[in-house]
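> Take a look at this one; I'll ask things after.
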Amino acid sequence: MYEKIKLYRNHGIKSRDNVTIFGVNSRLDSLNAEILSFRLTRLENIIRKRRKNVMLYKKYLKTDKVNLPVENKENFDPYVMFITQCKDRDKLHKYLNSKNVQSLIYYGTPLHLHVASKNIGLNKFKLPNATKIASRVLSFPHHQYLKESQIKHVCKLINKFYEE
Amino acid sequence: MKNKVPYNYLPFEFSNYKKISIKWDKLIKSSEFTLGTFMEEFENNFKKYIKAKYCFGTNNGTDALILCLKSLGIKKGDEVITVCNSFYATAGAIHAVGAKIVFVDSDDRYQINTSQIEKKINKRTKAIIPVHWGGASPLMKNIIKIANKYKIHVIEDACMGIGASIYKKSPGTFGIVNAFSMHPLKSLNVMGDGGIVATNNTKIANWIRKYRNHGMINRDNIDFWGVNYRLQPLQAIVANENLKKIDSVIKKRNKNASFLDEHLKILQPKVILPKRLKGYMETFALYMIICEKRDKLIKYLVQNNIEAKIHYPIPLHLQKPGLKNGYKKGDFPIAEQQAKKLITLPVHQYLNKNQLLYMVNKIKQFYNY
């Protein structure tokens with residue numbers, strides 16, 4: 001696999017003048033590789049901060065209407081996304097927006113219900129879990145540049161929303 | 001002394017990137033790292049430059065070709081005709097969409113031999129991919145005529161053709177949907193990989209716009225399953241800056257090529273120059289001539305610190321995957337002869353007259369002229 005991918009991502013070139021397969025160009029360019037090398041040195045720190053932010057959400061959220069992601073013992077979540085499930089999701093989403101808090105839905109339509117699926121007959125599948133989750137998911141800000149006070153503020157708004 | 005006449009000019013090409021870096025600062029502040037205004041600015045400038053209705057920045061030239069093929073619905077069971085002396089990517093793109101690669105021979109300008117195309121056309125043939133090989137253009141008029149006669153598509157592989165023209169008309173504006181490359185050693189280049197698709201067809205453009213960006217209509221809705229074949233704004237900025245100087249690059253290369261032509265033609269028939277057709281502006285991505293005792297000549301030139309190259313010693317049909325497809329030695333005699341006799345000389349925009357003269361003199365010396 002390693003050998004095949006190495007060849008295929010660079011036109012199948014074994015040496016300048018020989019190809020063993022007709023491949024494609026799917027290589028990362030050096031400009032981006034250099035950026036990534038640098039970013040990689042920052043990665044652990046970023047993940048640490050994101051995980052800490054998720055902990056803060058757990059601490060300050062005082063409602064059972066928001067289900068936070070559960071991390072199994074054997075899993076370590078870098079929290080690229082922080083996807084929660086919320087009761088009255090659309091209302092909460094609107095409410096937070098009106099208070100200048102950005103929250104995002106990843107995603108409102110599961111893949112099998114998109115037009116693209118319909119056109120190739122994939123929408124015939126009944127996938128009730130995915131469909132239900134799509135109506136409940138909401139992601140709150142949790143990136144590494146947030147301050148604890150900001151997370152506290154978001155939690156306060158969410159708590160208040162469900163109290164009313 | 002190392003490389004008195006270097007082939008690779010990239011150390012000069014990006015020695016001053018101040019203008020690019022100012023734009024990068026703007027990009028980084030704007031956070032428009034995918035698509036966005038920097039991309040659009042380049043795409044708009046490029047389409048004005050080649051006079052096309054729609055242009056899309058892509059990952060690279062290969063993906064641009066794949067996009068062209070896919071946009072026409074070309075797939076497994078279809079056949080696509082192309083020339084057997086090109087870079088691997090031309091064949092690779094056809095193979096990547098599952099279609100059968102049907103090679104034809106080259107002509108005496110190392111371009112697709114238009115007299116060999118018709119006999120390869122059958123009911124499975126969906127397209128012809130002429131290649132603007134080396135930055136010279138094939139006989140597009142003949143190709144379009146054949147394609148119209150049999151109602152098949154023309155997709156130009158104009159990967160080396162940015163800045164060329166046939167009676168002022170740019171490569172990539174003859175076929176229905178066409179591909180360009182901005183690899184570092186192309187006339188218009190970026191600092192890595194980059195490509196462009198151009199078309200005048202609105203329906204195809206609308207499909208490509210979505211397909212290269214996951215099939216997205218907007219963040220939450222997709223029209224069909226797509227992929228990510230986008231050019232990065234980081235590279236779009238480089239391309240946009242370099243587009244400003246492309247005409248001077250082409251001019252300088254043409255001047256150098258004329259100089260070489262002028263000085264080398266007296267060596268005929270030991271050295272044979274290709275015909276320079278009236279009305280055809282070349283980019284001289286590759287300055288190629290046919291030489292007697294080629295292998296000895298290239299050795300001699302390299303020994304004398306002239307970085308000459310061969311594009312390429314083995315034509316596509318004789319590469320391992322070509323042989324596996326059933327091709328064999330003798331199938332395309334012109335291209336096979338050219339693979340044995342062609343040499344590529346440095347002709348880039350950073351060479352001066354002394355370097356060119358040095359190279360010419362070494363070649364003359366080799367032939368005891």
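We label chains A, B, ... in the order they appear in the structure tokens, count residues from 1 in each chain, and number ligands from 1 in the order shown.
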Per residue of chain A within 7 Å of chain B, which atom pair is closest and at what distance in Å (one decimal), using only C-alpha atoms, listed by chain and increasing number, as JSON lines?

{"residue": "A:His11", "atom": "CA", "partner": "B:Ala89", "partner_atom": "CA", "distance": 6.2}
{"residue": "A:Asp17", "atom": "CA", "partner": "B:Tyr312", "partner_atom": "CA", "distance": 6.5}
{"residue": "A:Asn18", "atom": "CA", "partner": "B:Gln319", "partner_atom": "CA", "distance": 6.5}
{"residue": "A:Val19", "atom": "CA", "partner": "B:Gln319", "partner_atom": "CA", "distance": 6.1}
{"residue": "A:Thr20", "atom": "CA", "partner": "B:Lys320", "partner_atom": "CA", "distance": 5.2}
{"residue": "A:Ile21", "atom": "CA", "partner": "B:Pro321", "partner_atom": "CA", "distance": 5.2}
{"residue": "A:Phe22", "atom": "CA", "partner": "B:Gly92", "partner_atom": "CA", "distance": 4.5}
{"residue": "A:Gly23", "atom": "CA", "partner": "B:Gly92", "partner_atom": "CA", "distance": 5.0}
{"residue": "A:Val24", "atom": "CA", "partner": "B:Gly92", "partner_atom": "CA", "distance": 5.8}
{"residue": "A:Asn25", "atom": "CA", "partner": "B:Thr62", "partner_atom": "CA", "distance": 6.0}
{"residue": "A:Asp29", "atom": "CA", "partner": "B:Gly192", "partner_atom": "CA", "distance": 5.1}
{"residue": "A:Ser30", "atom": "CA", "partner": "B:Gly192", "partner_atom": "CA", "distance": 6.7}
{"residue": "A:Leu31", "atom": "CA", "partner": "B:Gly192", "partner_atom": "CA", "distance": 6.8}
{"residue": "A:Tyr107", "atom": "CA", "partner": "B:Asp220", "partner_atom": "CA", "distance": 6.9}
{"residue": "A:Gly108", "atom": "CA", "partner": "B:Asp220", "partner_atom": "CA", "distance": 6.9}
{"residue": "A:His114", "atom": "CA", "partner": "B:Ile222", "partner_atom": "CA", "distance": 6.6}
{"residue": "A:Val115", "atom": "CA", "partner": "B:Asp223", "partner_atom": "CA", "distance": 5.7}
{"residue": "A:Ala116", "atom": "CA", "partner": "B:Phe224", "partner_atom": "CA", "distance": 3.9}
> Take the residues just selected and output them with N, CA and C atoms as an mmCIF file, in the first residue's frame.

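Below is the file selection33.cif, written as the result:
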data_model
loop_
_atom_site.group_PDB
_atom_site.id
_atom_site.type_symbol
_atom_site.label_atom_id
_atom_site.label_comp_id
_atom_site.auth_asym_id
_atom_site.auth_seq_id
_atom_site.Cartn_x
_atom_site.Cartn_y
_atom_site.Cartn_z
ATOM 1 N N HIS A 11 2.022 10.692 -10.241
ATOM 2 C CA HIS A 11 1.953 10.275 -11.643
ATOM 3 C C HIS A 11 2.439 8.853 -11.911
ATOM 4 N N ASP A 17 12.184 9.057 -15.869
ATOM 5 C CA ASP A 17 11.849 8.612 -17.212
ATOM 6 C C ASP A 17 10.983 7.354 -17.267
ATOM 7 N N ASN A 18 10.579 6.872 -16.109
ATOM 8 C CA ASN A 18 9.795 5.631 -16.085
ATOM 9 C C ASN A 18 8.592 5.730 -15.169
ATOM 10 N N VAL A 19 7.442 5.307 -15.721
ATOM 11 C CA VAL A 19 6.265 5.154 -14.867
ATOM 12 C C VAL A 19 5.873 3.679 -14.848
ATOM 13 N N THR A 20 5.420 3.212 -13.689
ATOM 14 C CA THR A 20 5.008 1.808 -13.609
ATOM 15 C C THR A 20 3.487 1.690 -13.654
ATOM 16 N N ILE A 21 2.798 2.781 -13.293
ATOM 17 C CA ILE A 21 1.343 2.853 -13.460
ATOM 18 C C ILE A 21 1.041 4.272 -13.944
ATOM 19 N N PHE A 22 -0.128 4.469 -14.576
ATOM 20 C CA PHE A 22 -0.548 5.838 -14.870
ATOM 21 C C PHE A 22 -1.247 6.376 -13.627
ATOM 22 N N GLY A 23 -0.615 7.305 -12.944
ATOM 23 C CA GLY A 23 -1.156 7.811 -11.685
ATOM 24 C C GLY A 23 -1.724 9.203 -11.823
ATOM 25 N N VAL A 24 -1.824 9.905 -10.713
ATOM 26 C CA VAL A 24 -2.357 11.263 -10.696
ATOM 27 C C VAL A 24 -1.396 12.164 -9.919
ATOM 28 N N ASN A 25 -1.766 13.417 -9.777
ATOM 29 C CA ASN A 25 -0.997 14.335 -8.945
ATOM 30 C C ASN A 25 -1.820 14.634 -7.704
ATOM 31 N N ASP A 29 2.131 20.223 -1.553
ATOM 32 C CA ASP A 29 3.302 20.997 -1.960
ATOM 33 C C ASP A 29 4.123 21.457 -0.755
ATOM 34 N N SER A 30 5.385 21.761 -1.018
ATOM 35 C CA SER A 30 6.340 22.017 0.067
ATOM 36 C C SER A 30 5.977 23.241 0.888
ATOM 37 N N LEU A 31 5.369 24.217 0.229
ATOM 38 C CA LEU A 31 4.946 25.432 0.915
ATOM 39 C C LEU A 31 4.009 25.071 2.069
ATOM 40 N N TYR A 107 -24.301 18.405 10.704
ATOM 41 C CA TYR A 107 -24.938 19.216 9.702
ATOM 42 C C TYR A 107 -26.433 19.003 9.808
ATOM 43 N N GLY A 108 -27.199 19.907 9.258
ATOM 44 C CA GLY A 108 -28.648 19.833 9.386
ATOM 45 C C GLY A 108 -29.287 18.720 8.564
ATOM 46 N N HIS A 114 -29.591 14.220 1.123
ATOM 47 C CA HIS A 114 -29.268 15.293 0.189
ATOM 48 C C HIS A 114 -29.773 14.961 -1.216
ATOM 49 N N VAL A 115 -29.966 15.996 -2.025
ATOM 50 C CA VAL A 115 -30.378 15.810 -3.423
ATOM 51 C C VAL A 115 -29.424 14.842 -4.125
ATOM 52 N N ALA A 116 -28.132 14.987 -3.797
ATOM 53 C CA ALA A 116 -27.122 14.132 -4.425
ATOM 54 C C ALA A 116 -27.408 12.652 -4.179
#
> Tell me, which residues of range 11-164 of chain A carry DSSP strand (DSSP E), written as a list in words?
Ile13, Lys14, Ser15, Asn18, Val19, Val66, Asn67, Ile83, Thr84, Gln85, Cys86, Val137, Leu138 and Ser139 of chain A
> With all heavy atoms retained, could you export that selection as a compact mmCIF listing (two decimals), in the first residue's frame?

# COMPACT_ATOMS: atom_id res chain seq x y z
N ILE A 13 5.37 7.84 -11.11
CA ILE A 13 6.78 7.99 -11.50
C ILE A 13 7.70 7.18 -10.59
O ILE A 13 7.74 7.40 -9.38
CB ILE A 13 7.21 9.48 -11.45
CG1 ILE A 13 6.41 10.27 -12.49
CG2 ILE A 13 8.71 9.62 -11.70
CD1 ILE A 13 6.71 11.76 -12.49
N LYS A 14 8.41 6.24 -11.21
CA LYS A 14 9.38 5.45 -10.45
C LYS A 14 10.73 6.17 -10.48
O LYS A 14 11.42 6.28 -9.49
CB LYS A 14 9.50 4.05 -11.05
CG LYS A 14 10.11 3.09 -10.07
CD LYS A 14 9.89 1.66 -10.48
CE LYS A 14 10.49 0.75 -9.42
NZ LYS A 14 10.83 -0.54 -9.98
N SER A 15 11.11 6.59 -11.68
CA SER A 15 12.25 7.49 -11.82
C SER A 15 11.78 8.50 -12.87
O SER A 15 10.73 8.31 -13.48
CB SER A 15 13.47 6.73 -12.33
OG SER A 15 13.17 6.18 -13.59
N ASN A 18 10.58 6.87 -16.11
CA ASN A 18 9.79 5.63 -16.08
C ASN A 18 8.59 5.73 -15.17
O ASN A 18 8.71 6.14 -14.01
CB ASN A 18 10.67 4.47 -15.61
CG ASN A 18 11.70 4.09 -16.65
OD1 ASN A 18 11.37 3.44 -17.65
ND2 ASN A 18 12.93 4.54 -16.45
N VAL A 19 7.44 5.31 -15.72
CA VAL A 19 6.26 5.15 -14.87
C VAL A 19 5.87 3.68 -14.85
O VAL A 19 6.00 2.99 -15.86
CB VAL A 19 5.05 5.99 -15.33
CG1 VAL A 19 5.26 7.46 -15.07
CG2 VAL A 19 4.71 5.75 -16.79
N VAL A 66 -29.02 19.75 27.26
CA VAL A 66 -27.88 19.69 26.32
C VAL A 66 -27.06 18.44 26.63
O VAL A 66 -26.57 18.27 27.75
CB VAL A 66 -26.98 20.94 26.46
CG1 VAL A 66 -25.75 20.81 25.57
CG2 VAL A 66 -27.76 22.20 26.12
N ASN A 67 -26.96 17.55 25.65
CA ASN A 67 -26.12 16.35 25.83
C ASN A 67 -24.74 16.62 25.27
O ASN A 67 -24.58 16.89 24.09
CB ASN A 67 -26.72 15.16 25.09
CG ASN A 67 -28.09 14.80 25.61
OD1 ASN A 67 -29.09 14.90 24.92
ND2 ASN A 67 -28.14 14.45 26.88
N ILE A 83 -19.43 18.72 19.26
CA ILE A 83 -20.81 18.55 18.83
C ILE A 83 -21.69 18.09 20.00
O ILE A 83 -21.49 17.03 20.56
CB ILE A 83 -20.91 17.54 17.67
CG1 ILE A 83 -20.06 18.05 16.49
CG2 ILE A 83 -22.36 17.35 17.24
CD1 ILE A 83 -20.05 17.13 15.30
N THR A 84 -22.65 18.94 20.33
CA THR A 84 -23.59 18.60 21.40
C THR A 84 -24.95 18.32 20.76
O THR A 84 -25.17 18.60 19.58
CB THR A 84 -23.75 19.77 22.38
OG1 THR A 84 -24.48 20.82 21.72
CG2 THR A 84 -22.41 20.30 22.85
N GLN A 85 -25.82 17.71 21.55
CA GLN A 85 -27.20 17.55 21.08
C GLN A 85 -28.10 18.34 22.01
O GLN A 85 -28.02 18.20 23.23
CB GLN A 85 -27.60 16.08 21.09
CG GLN A 85 -26.89 15.26 20.03
CD GLN A 85 -27.44 13.85 19.96
OE1 GLN A 85 -28.65 13.65 19.92
NE2 GLN A 85 -26.55 12.88 19.99
N CYS A 86 -28.96 19.17 21.39
CA CYS A 86 -29.75 20.10 22.19
C CYS A 86 -31.24 19.96 21.92
O CYS A 86 -31.65 19.80 20.77
CB CYS A 86 -29.36 21.54 21.87
SG CYS A 86 -27.62 21.84 22.09
N VAL A 137 -28.13 18.43 16.58
CA VAL A 137 -26.72 18.78 16.80
C VAL A 137 -26.48 20.30 16.75
O VAL A 137 -27.09 21.02 15.96
CB VAL A 137 -25.78 18.12 15.75
CG1 VAL A 137 -25.64 16.64 16.02
CG2 VAL A 137 -26.25 18.40 14.33
N LEU A 138 -25.60 20.73 17.63
CA LEU A 138 -25.19 22.14 17.66
C LEU A 138 -23.78 22.22 18.26
O LEU A 138 -23.48 21.52 19.23
CB LEU A 138 -26.17 22.96 18.49
CG LEU A 138 -26.04 24.48 18.39
CD1 LEU A 138 -26.27 24.97 16.96
CD2 LEU A 138 -27.03 25.18 19.33
N SER A 139 -22.94 23.02 17.65
CA SER A 139 -21.56 23.17 18.14
C SER A 139 -21.34 24.57 18.68
O SER A 139 -21.59 25.56 17.99
CB SER A 139 -20.57 22.88 17.01
OG SER A 139 -20.71 21.55 16.60
> Determine, counting only C-alpha atoms, which protein, DNA and RNA residues have an atom within 12 Å of an atom of Leu68 in chain A; residues of the same chain fewer than 2 positions away are not included. Present the result as a PyMOL selection string.
chain A and resi 54-59+61-66+70-71+79+81-87+136-140
> Any idea what's packed within 9 Å of range 248-251 of chain B, counting only C-alpha atoms, ignoring anything in its chain fewer than 5 positions away? Could you give it as a list in words?
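After dropping sequence-adjacent residues, the list is Gly163, Ala164, Ser187, Leu188, Asn256, Met281, Glu282, Thr283, Phe284, His348 and Gln349 of chain B.
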